[in-house]
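The file target22.cif comes next; it holds mmCIF, C-alpha atoms.
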data_data
loop_
_atom_site.label_atom_id
_atom_site.label_comp_id
_atom_site.auth_asym_id
_atom_site.auth_seq_id
_atom_site.Cartn_x
_atom_site.Cartn_y
_atom_site.Cartn_z
CA MET Q 147 -6.05 3.87 -15.52
CA ILE Q 148 -5.86 5.53 -12.10
CA LYS Q 149 -8.35 3.95 -9.72
CA ARG Q 150 -10.08 5.91 -6.97
CA THR Q 151 -9.66 5.39 -3.24
CA LEU Q 152 -12.90 5.78 -1.27
CA TYR Q 153 -12.85 6.36 2.49
CA PHE Q 154 -15.95 5.94 4.67
CA GLY Q 155 -15.50 7.18 8.24
CA ASN Q 156 -19.13 7.70 9.31
CA PRO Q 157 -22.23 5.51 9.58
CA ALA Q 158 -23.12 4.49 6.04
CA TYR Q 159 -25.16 1.98 4.08
CA LEU Q 160 -23.43 0.65 0.96
CA SER Q 161 -25.32 -1.31 -1.64
CA MET Q 162 -25.71 -1.61 -5.43
CA ARG Q 163 -27.95 0.34 -7.78
CA ASN Q 164 -27.83 0.08 -11.57
CA GLY Q 165 -24.35 -1.44 -11.46
CA GLN Q 166 -22.94 1.34 -9.27
CA LEU Q 167 -21.98 1.50 -5.59
CA LEU Q 168 -24.74 3.34 -3.75
CA LEU Q 169 -23.98 5.36 -0.62
CA ARG Q 170 -26.72 6.28 1.83
CA LEU Q 171 -26.19 8.07 5.15
CA PRO Q 172 -28.66 6.81 7.79
CA GLU Q 173 -27.94 9.71 10.16
CA VAL Q 174 -28.99 12.14 7.43
CA GLU Q 175 -32.02 10.14 6.29
CA THR Q 176 -33.50 9.84 9.80
CA SER Q 177 -32.77 13.40 10.92
CA ASP Q 178 -35.44 16.11 11.03
CA SER Q 179 -32.77 18.81 10.73
CA PHE Q 180 -32.26 18.37 6.98
CA THR Q 181 -34.51 19.23 4.09
CA GLU Q 182 -35.76 16.56 1.71
CA LYS Q 183 -33.65 18.14 -1.03
CA PHE Q 184 -30.49 17.81 1.07
CA LYS Q 185 -31.35 14.21 1.94
CA LYS Q 186 -31.68 13.33 -1.73
CA GLU Q 187 -28.40 15.06 -2.57
CA ALA Q 188 -26.67 13.11 0.22
CA VAL Q 189 -27.33 9.87 -1.66
CA ARG Q 190 -24.35 9.25 -3.95
CA THR Q 191 -23.27 6.64 -6.47
CA PHE Q 192 -19.79 5.59 -7.58
CA PRO Q 193 -18.94 3.58 -10.72
CA ILE Q 194 -17.47 0.29 -9.51
CA GLU Q 195 -15.01 0.14 -12.43
CA ASP Q 196 -13.41 3.40 -11.25
CA LEU Q 197 -12.54 2.07 -7.79
CA GLY Q 198 -9.25 0.57 -6.62
CA VAL Q 199 -9.40 0.75 -2.82
CA VAL Q 200 -12.32 1.13 -0.39
CA VAL Q 201 -11.59 1.91 3.28
CA LEU Q 202 -14.30 1.11 5.87
CA ASP Q 203 -13.56 3.00 9.09
CA ASP Q 204 -16.73 2.95 11.23
CA LYS Q 205 -18.38 0.09 13.10
CA ARG Q 206 -21.79 1.35 11.98
CA ILE Q 207 -21.11 0.82 8.28
CA THR Q 208 -23.34 -1.74 6.59
CA ILE Q 209 -22.39 -3.20 3.22
CA THR Q 210 -24.51 -5.65 1.28
CA HIS Q 211 -23.27 -8.95 -0.07
CA GLY Q 212 -24.16 -7.73 -3.56
CA ALA Q 213 -21.85 -4.75 -3.15
CA LEU Q 214 -19.01 -6.93 -1.88
CA GLU Q 215 -19.53 -9.32 -4.77
CA ARG Q 216 -19.22 -6.55 -7.36
CA LEU Q 217 -16.21 -5.04 -5.60
CA MET Q 218 -14.46 -8.42 -5.69
CA GLU Q 219 -15.42 -8.94 -9.35
CA ASN Q 220 -13.68 -5.66 -10.17
CA ASN Q 221 -10.57 -6.43 -8.08
CA VAL Q 222 -11.21 -3.66 -5.54
CA ALA Q 223 -9.23 -3.96 -2.30
CA VAL Q 224 -11.54 -3.52 0.69
CA ILE Q 225 -9.79 -2.40 3.90
CA THR Q 226 -11.47 -2.61 7.30
CA CYS Q 227 -10.29 -0.57 10.30
CA ASP Q 228 -10.49 -1.21 14.03
CA SER Q 229 -11.75 1.02 16.84
CA THR Q 230 -8.47 2.98 16.78
CA HIS Q 231 -9.00 3.72 13.06
CA MET Q 232 -6.01 1.60 12.04
CA PRO Q 233 -6.36 -0.76 9.04
CA THR Q 234 -6.65 -4.35 10.29
CA GLY Q 235 -8.30 -6.35 7.50
CA LEU Q 236 -7.90 -6.68 3.74
CA LEU Q 237 -10.46 -8.39 1.52
CA MET Q 238 -9.32 -9.49 -1.95
CA PRO Q 239 -10.87 -11.63 -4.73
CA LEU Q 240 -9.88 -15.29 -5.05
CA ASN Q 241 -10.14 -15.21 -8.84
CA GLY Q 242 -8.25 -12.21 -10.18
CA HIS Q 243 -7.07 -13.34 -13.63
CA SER Q 244 -8.19 -15.66 -16.43
CA LEU Q 245 -4.78 -17.41 -16.47
CA GLN Q 246 -4.55 -17.57 -12.70
CA SER Q 247 -3.88 -21.31 -12.32
CA GLU Q 248 -1.06 -21.16 -14.89
CA ARG Q 249 0.54 -18.18 -13.16
CA PHE Q 250 0.12 -19.77 -9.75
CA ARG Q 251 2.05 -22.77 -11.07
CA ASP Q 252 4.86 -20.56 -12.39
CA GLN Q 253 5.03 -18.84 -9.03
CA ILE Q 254 5.02 -22.08 -7.04
CA ASP Q 255 7.69 -23.60 -9.29
CA CYS Q 256 10.00 -20.59 -8.89
CA SER Q 257 13.50 -21.87 -8.11
CA ARG Q 258 15.25 -20.95 -4.89
CA PRO Q 259 18.14 -19.22 -6.76
CA LEU Q 260 15.64 -17.00 -8.60
CA GLN Q 261 13.87 -16.15 -5.34
CA LYS Q 262 17.21 -15.12 -3.83
CA GLN Q 263 17.99 -12.93 -6.85
CA LEU Q 264 14.55 -11.29 -6.70
CA TRP Q 265 15.00 -10.52 -3.01
CA GLN Q 266 18.47 -9.11 -3.73
CA GLN Q 267 16.96 -6.74 -6.31
CA THR Q 268 14.18 -5.78 -3.89
CA VAL Q 269 16.57 -4.93 -1.06
CA GLN Q 270 18.86 -2.98 -3.40
CA ALA Q 271 15.92 -0.90 -4.62
CA LYS Q 272 14.64 -0.35 -1.08
CA ILE Q 273 17.97 0.86 0.30
CA ALA Q 274 18.58 3.11 -2.72
CA ASN Q 275 15.14 4.66 -2.31
CA GLN Q 276 15.66 5.10 1.43
CA ALA Q 277 18.91 6.92 0.69
CA ALA Q 278 17.12 9.19 -1.79
CA ALA Q 279 14.32 9.88 0.69
CA LEU Q 280 16.82 10.69 3.44
CA LYS Q 281 18.73 13.06 1.15
CA GLN Q 282 15.50 14.77 0.12
CA CYS Q 283 14.20 15.22 3.67
CA GLU Q 284 17.51 15.78 5.51
CA PRO Q 285 19.97 17.17 2.90
CA GLN Q 286 22.78 17.50 5.43
CA CYS Q 287 22.73 13.77 6.22
CA GLU Q 288 25.42 11.56 4.72
CA ILE Q 289 24.02 8.83 2.44
CA GLY Q 290 27.21 7.54 0.83
CA ASN Q 291 27.22 4.58 3.21
CA MET Q 292 23.65 3.65 2.24
CA LEU Q 293 24.46 3.79 -1.46
CA ALA Q 294 27.46 1.58 -0.79
CA TRP Q 295 25.31 -0.91 1.12
CA ALA Q 296 22.79 -0.95 -1.75
CA SER Q 297 25.54 -1.86 -4.21
CA GLN Q 298 26.92 -4.55 -1.88
CA VAL Q 299 23.69 -6.51 -1.41
CA ARG Q 300 24.26 -10.10 -2.43
CA SER Q 301 21.91 -12.96 -3.25
CA ASP Q 302 19.12 -13.20 -0.64
CA ASP Q 303 20.79 -10.35 1.30
CA ALA Q 304 22.68 -12.94 3.32
CA GLU Q 305 24.56 -10.22 5.24
CA ASN Q 306 21.32 -8.42 6.20
CA LEU Q 307 22.35 -5.08 4.75
CA GLU Q 308 18.64 -4.22 4.72
CA GLY Q 309 18.67 -4.21 8.52
CA ARG Q 310 21.91 -2.21 8.72
CA ALA Q 311 20.55 0.41 6.33
CA ALA Q 312 17.23 0.59 8.20
CA ALA Q 313 18.97 1.25 11.52
CA TYR Q 314 20.93 4.17 10.03
CA TYR Q 315 17.93 5.45 8.09
CA TRP Q 316 15.52 5.65 11.02
CA ARG Q 317 18.19 7.07 13.33
CA ASN Q 318 18.44 10.08 11.02
CA PHE Q 319 15.04 10.43 9.35
CA PHE Q 320 13.09 12.12 12.16
CA PRO Q 321 15.39 14.57 13.97
CA GLU Q 322 12.16 16.34 15.01
CA CYS Q 323 11.46 13.29 17.21
CA PRO Q 324 14.47 12.75 19.51
CA GLY Q 325 15.06 9.09 20.18
CA PHE Q 326 12.66 7.97 17.46
CA VAL Q 327 12.42 4.19 17.09
CA ARG Q 328 10.53 2.54 14.27
CA HIS Q 329 8.05 0.15 15.91
CA ARG Q 330 4.55 -0.89 14.94
CA GLU Q 331 3.23 -0.53 18.48
CA LEU Q 332 4.51 2.99 19.23
CA ASP Q 333 2.66 6.29 18.77
CA GLY Q 334 3.44 9.50 16.88
CA PRO Q 335 4.97 9.07 13.43
CA ASN Q 336 4.77 5.29 13.84
CA GLU Q 337 0.97 5.46 13.68
CA LEU Q 338 1.12 7.44 10.46
CA LEU Q 339 3.70 5.09 8.97
CA ASN Q 340 1.55 2.07 9.86
CA TYR Q 341 -1.49 3.66 8.23
CA GLY Q 342 0.37 4.60 5.07
CA TYR Q 343 2.06 1.22 4.75
CA ALA Q 344 -1.31 -0.54 5.12
CA LEU Q 345 -2.71 1.48 2.22
CA VAL Q 346 0.28 0.75 -0.03
CA ARG Q 347 0.14 -2.91 0.99
CA ALA Q 348 -3.48 -3.05 -0.17
CA VAL Q 349 -2.56 -1.43 -3.49
CA VAL Q 350 0.25 -3.96 -4.01
CA ALA Q 351 -1.93 -6.93 -3.03
CA ARG Q 352 -4.65 -5.76 -5.42
CA SER Q 353 -2.13 -5.48 -8.26
CA LEU Q 354 -0.65 -8.92 -7.54
CA VAL Q 355 -4.10 -10.50 -7.73
CA GLY Q 356 -4.77 -8.58 -10.95
CA ALA Q 357 -1.55 -10.01 -12.41
CA GLY Q 358 -2.74 -13.53 -11.59
CA LEU Q 359 -0.29 -14.05 -8.72
CA LEU Q 360 -0.82 -15.47 -5.25
CA PRO Q 361 -0.13 -12.72 -2.67
CA THR Q 362 0.35 -15.32 0.07
CA LEU Q 363 3.43 -16.99 -1.43
CA GLY Q 364 6.36 -14.63 -0.83
CA ILE Q 365 9.88 -14.55 -2.19
CA HIS Q 366 11.36 -13.74 1.23
CA HIS Q 367 8.60 -13.28 3.82
CA HIS Q 368 7.29 -16.69 4.91
CA ASN Q 369 5.27 -16.04 8.08
CA ARG Q 370 2.78 -18.89 8.34
CA TYR Q 371 0.18 -16.48 9.75
CA ASN Q 372 0.58 -13.86 7.01
CA ALA Q 373 -1.78 -14.08 4.02
CA TYR Q 374 0.08 -11.35 2.13
CA CYS Q 375 3.75 -12.33 2.26
CA LEU Q 376 4.38 -11.47 -1.40
CA ALA Q 377 2.70 -8.07 -1.01
CA ASP Q 378 5.00 -7.39 1.95
CA ASP Q 379 8.00 -8.31 -0.22
CA ILE Q 380 7.07 -6.22 -3.24
CA MET Q 381 6.03 -3.12 -1.30
CA GLU Q 382 9.46 -2.71 0.34
CA PRO Q 383 10.92 -0.27 -2.27
CA TYR Q 384 7.67 1.72 -2.10
CA ARG Q 385 7.89 2.34 1.65
CA PRO Q 386 10.04 5.50 1.30
CA VAL Q 387 7.13 7.13 -0.57
CA VAL Q 388 5.10 6.74 2.61
CA ASP Q 389 8.03 7.92 4.75
CA ILE Q 390 8.27 11.19 2.82
CA ALA Q 391 4.53 11.80 3.14
CA VAL Q 392 4.71 11.20 6.91
CA LYS Q 393 7.76 13.47 7.18
CA ARG Q 394 5.71 16.30 5.66
CA LEU Q 395 2.91 15.70 8.17
CA VAL Q 396 5.36 15.73 11.09
CA ARG Q 397 6.76 19.05 9.90
CA GLN Q 398 3.26 20.48 9.54
CA HIS Q 399 1.68 19.16 12.74
CA GLY Q 400 4.57 18.44 15.10
CA ALA Q 401 6.33 15.36 16.42
CA ASP Q 402 3.29 14.13 18.35
CA CYS Q 403 0.88 14.14 15.44
CA GLY Q 404 -1.12 10.98 15.00
CA ILE Q 405 -4.13 9.71 13.10
CA THR Q 406 -6.58 12.58 12.55
CA ILE Q 407 -9.03 13.46 9.81
CA GLU Q 408 -6.43 15.74 8.23
CA THR Q 409 -3.55 13.27 8.37
CA LYS Q 410 -5.72 10.42 7.09
CA GLN Q 411 -6.84 12.57 4.18
CA ALA Q 412 -3.22 13.25 3.26
CA LEU Q 413 -2.25 9.57 3.44
CA LEU Q 414 -5.28 8.43 1.45
CA SER Q 415 -3.81 10.29 -1.52
CA LEU Q 416 -0.76 7.96 -1.55
CA PRO Q 417 -2.08 5.78 -4.42
CA THR Q 418 -2.08 8.84 -6.69
CA THR Q 419 1.35 10.12 -5.58
CA GLU Q 420 3.66 10.32 -8.59
CA VAL Q 421 6.82 8.22 -8.66
CA THR Q 422 9.46 7.57 -11.31
CA ILE Q 423 9.52 4.08 -12.78
CA ALA Q 424 11.14 2.83 -15.98
CA GLY Q 425 12.13 6.42 -16.78
CA HIS Q 426 8.58 7.77 -16.58
CA ARG Q 427 6.48 9.58 -13.99
CA SER Q 428 3.44 7.55 -12.97
CA PRO Q 429 0.93 7.50 -10.10
CA LEU Q 430 1.98 4.97 -7.47
CA MET Q 431 -0.98 2.71 -8.26
CA VAL Q 432 0.04 2.53 -11.93
CA ALA Q 433 3.71 2.04 -11.02
CA VAL Q 434 2.80 -0.91 -8.82
CA GLU Q 435 1.10 -2.54 -11.80
CA THR Q 436 4.35 -2.17 -13.75
CA THR Q 437 6.22 -3.82 -10.88
CA THR Q 438 3.84 -6.75 -10.51
CA ALA Q 439 3.72 -7.30 -14.29
CA SER Q 440 7.53 -7.51 -14.33
CA LEU Q 441 7.44 -9.96 -11.41
CA ARG Q 442 4.98 -12.15 -13.31
CA LYS Q 443 7.43 -12.22 -16.24
CA CYS Q 444 10.22 -13.26 -13.89
CA TYR Q 445 8.15 -16.19 -12.64
CA ALA Q 446 7.30 -17.18 -16.22
CA GLY Q 447 10.98 -17.12 -17.26
CA GLU Q 448 10.44 -14.15 -19.59
CA ALA Q 449 12.59 -11.73 -17.56
CA ARG Q 450 15.13 -11.73 -14.73
CA LYS Q 451 14.59 -8.31 -13.21
CA ILE Q 452 11.76 -6.70 -11.26
CA ILE Q 453 11.02 -3.12 -12.28
CA TYR Q 454 10.88 -0.91 -9.18
CA PRO Q 455 10.48 2.87 -8.78
CA GLU Q 456 13.55 5.06 -8.45
CA MET Q 457 13.39 8.05 -6.15
#

File written out as structure tokens:
Amino acid sequence: MIKRTLYFGNPAYLSMRNGQLLLRLPEVETSDSFTEKFKKEAVRTFPIEDLGVVVLDDKRITITHGALERLMENNVAVITCDSTHMPTGLLMPLNGHSLQSERFRDQIDCSRPLQKQLWQQTVQAKIANQAAALKQCEPQCEIGNMLAWASQVRSDDAENLEGRAAAYYWRNFFPECPGFVRHRELDGPNELLNYGYALVRAVVARSLVGAGLLPTLGIHHHNRYNAYCLADDIMEPYRPVVDIAVKRLVRQHGADCGITIETKQALLSLPTTEVTIAGHRSPLMVAVETTTASLRKCYAGEARKIIYPEM
């Protein structure tokens, strides 16, 4: 089932009513400029079971503990944003599956050789999808080298072909932005990429928890300060989906476009963007569930391959 993404970018009061998320707008309720009919219509409810991601992007948003409790019970990823409107926090449930302790144990006991093989598959899928994205967005660009690198990735990507492919990819992906460098701290397309990646990361983390896995324990990423190492691993082949969406925005709004209401609205649709996985077209959120389910089987010894999207 496709879950909804809700974005709140204005002062709001979120609570529970009759098992549903209740939205009230204090600026509307206290204003003398609106009719009583309009004020009543401004109060909205959302079925909790339909939600997958909730984005809180205003310091004047109030959310009750009861609402947070129900969101966590239904495995809804809650993203908080800072004063620059960039996602900075991710709230996830601690108990996401009835067999969680068993699956945690499988994950913790994963052998080092299997981890290396899983990372090899992840890097291969990422580079192949980057090549496809580059060909789609810049048809004149040569991608034979990237396809060769994808096929040459060895266990644990010991030769760092991921980095070599990334350097070539970003050097050619945004010709509209001369001298473009992919960096988290830079403006322009980088802001849009950061925003889109944060959304996909939340979708992946939510799906990992739903599969009974621990998003902190990665197969390659091991930053001691990162609570979502596994999400950062598994989202890698999904990044080109974000890149293509940002490419469209750059073409529409220019090389200097950043985070605006319009660009945020476009990126918030990423969870419903269709991708091809296992020979079928599926919304990204559903595809991620296929990926995390296959990863769980790898940890349990039931499979040896992660199922990733193919672009």

Could you give me, as CSV, a per-residue list for range 352-422 of chain Q showing, wherever an atom lies at most 12 Å from an atom of range 192-211 of chain Q, the closest pair of atoms and their distance in Å to one decimal, using all atoms listed in the file and sorting by chain then residue number from low to high?
residue,atom,partner,partner_atom,distance
Q:Arg352,CA,Q:Gly198,CA,7.9
Q:Ser353,CA,Q:Gly198,CA,9.5
Q:Gly356,CA,Q:Gly198,CA,11.1
Q:Ile407,CA,Q:Asp203,CA,11.4
Q:Lys410,CA,Q:Asp203,CA,11.0
Q:Gln411,CA,Q:Val201,CA,11.7
Q:Leu414,CA,Q:Val201,CA,9.3
Q:Ser415,CA,Q:Val199,CA,11.1
Q:Leu416,CA,Q:Val199,CA,11.3
Q:Pro417,CA,Q:Val199,CA,9.0
Q:Thr418,CA,Q:Gly198,CA,10.9

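Pairwise distance (CA of Glu182 in chain Q, CA of Tyr153 in chain Q) equals 25.1 Å.
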
_Q:Ile289, Q:Ile390, Q:Val189, Q:Leu152 ranked by distance to Leu169 in chain Q, top pick (using all atoms listed in the file)_ =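 Of Q:Ile289, Q:Ile390, Q:Val189, Q:Leu152, the one nearest Leu169 in chain Q is Q:Val189, counting all atoms listed in the file.
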
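Candidate residues Q:Pro285, Q:Leu395, Q:Ala357, Q:Arg385 were compared for distance to Gln246 in chain Q, and the nearest is Q:Ala357, using only C-alpha atoms.
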
*Given the file above and the PyMOL selection byres ((chain Q and resi 314) around 12), which residues are selected, and can you give them as a list in words?*
Ile273, Gln276, Ala277, Leu280, Cys287, Glu288, Ile289, Gly290, Asn291, Met292, Trp295, Leu307, Glu308, Gly309, Arg310, Ala311, Ala312, Ala313, Tyr315, Trp316, Arg317, Asn318, Phe319, Phe320, Phe326, Val327 and Arg328 of chain Q

*Pick from Q:Ala188, Q:Gln286, Q:Arg163, Q:Ala271: nearest to Glu175 in chain Q, with all atoms listed in the file counted?*
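Among the listed residues, Q:Ala188 lies closest to Glu175 in chain Q.
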
*Excluding Ala401 in chain Q and residues on its chain fewer than 4 positions from it, collect all residues at most 10 Å away from it, counting all atoms listed in the file, and give them as a PyMOL selection string.*
chain Q and resi 320-324+326+334-335+393+395-397

*Target residues per the PyMOL selection byres ((chain Q and resi 252) around 10), formatted as number ranges by chain*: Q: 246-251, 253-257, 359, 442-447

_Atomic separation - CA of Ala391 in chain Q relative to CA of Gly342 in chain Q, Å_ = 8.5 Å

*What gap, in Å, lies between CA of Leu264 in chain Q and CA of Ala279 in chain Q?*
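Computing it gives 22.4 Å between the two atoms.
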
*Considering all atoms listed in the file, state which residue in the set Q:Asn241, Q:Thr234, Q:Thr268, Q:Gln261 is at the smallest distance from Met218 in chain Q.*
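When distances to Met218 in chain Q are compared using all atoms listed in the file, the smallest one comes from Q:Asn241.
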
*Write out as a VMD selection string the residues lying within 9 Å of range 376-379 of chain Q, counting all atoms listed in the file and excluding same-chain residues fewer than 3 positions away.*
chain Q and resid 265 268 347 to 352 354 360 to 368 373 382 to 383

_Residues within 7 Å of Met162 in chain Q, all atoms listed in the file, excluding chain neighbours under 5 positions, as a ChimeraX atom specification_ = /Q:167-168,212-213

*Starting from the displayed file, determine the output of the PyMOL selection byres ((chain Q and resi 425) around 12) and express the residue list as number ranges by chain.*
Q: 421-424, 426-428, 433, 436, 453-457

*asked:* So, with all atoms listed in the file as the atoms that count, which of Q:Val432, Q:Leu240, Q:Ala278, Q:Leu160 lies closest to Thr191 in chain Q?
replied: Q:Leu160

*From the list Q:Ala158, Q:Val355, Q:Val269, Q:Ala449, which residue is nearest Glu219 in chain Q when using all atoms listed in the file?*
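Closest to Glu219 in chain Q of all the choices is Q:Val355.
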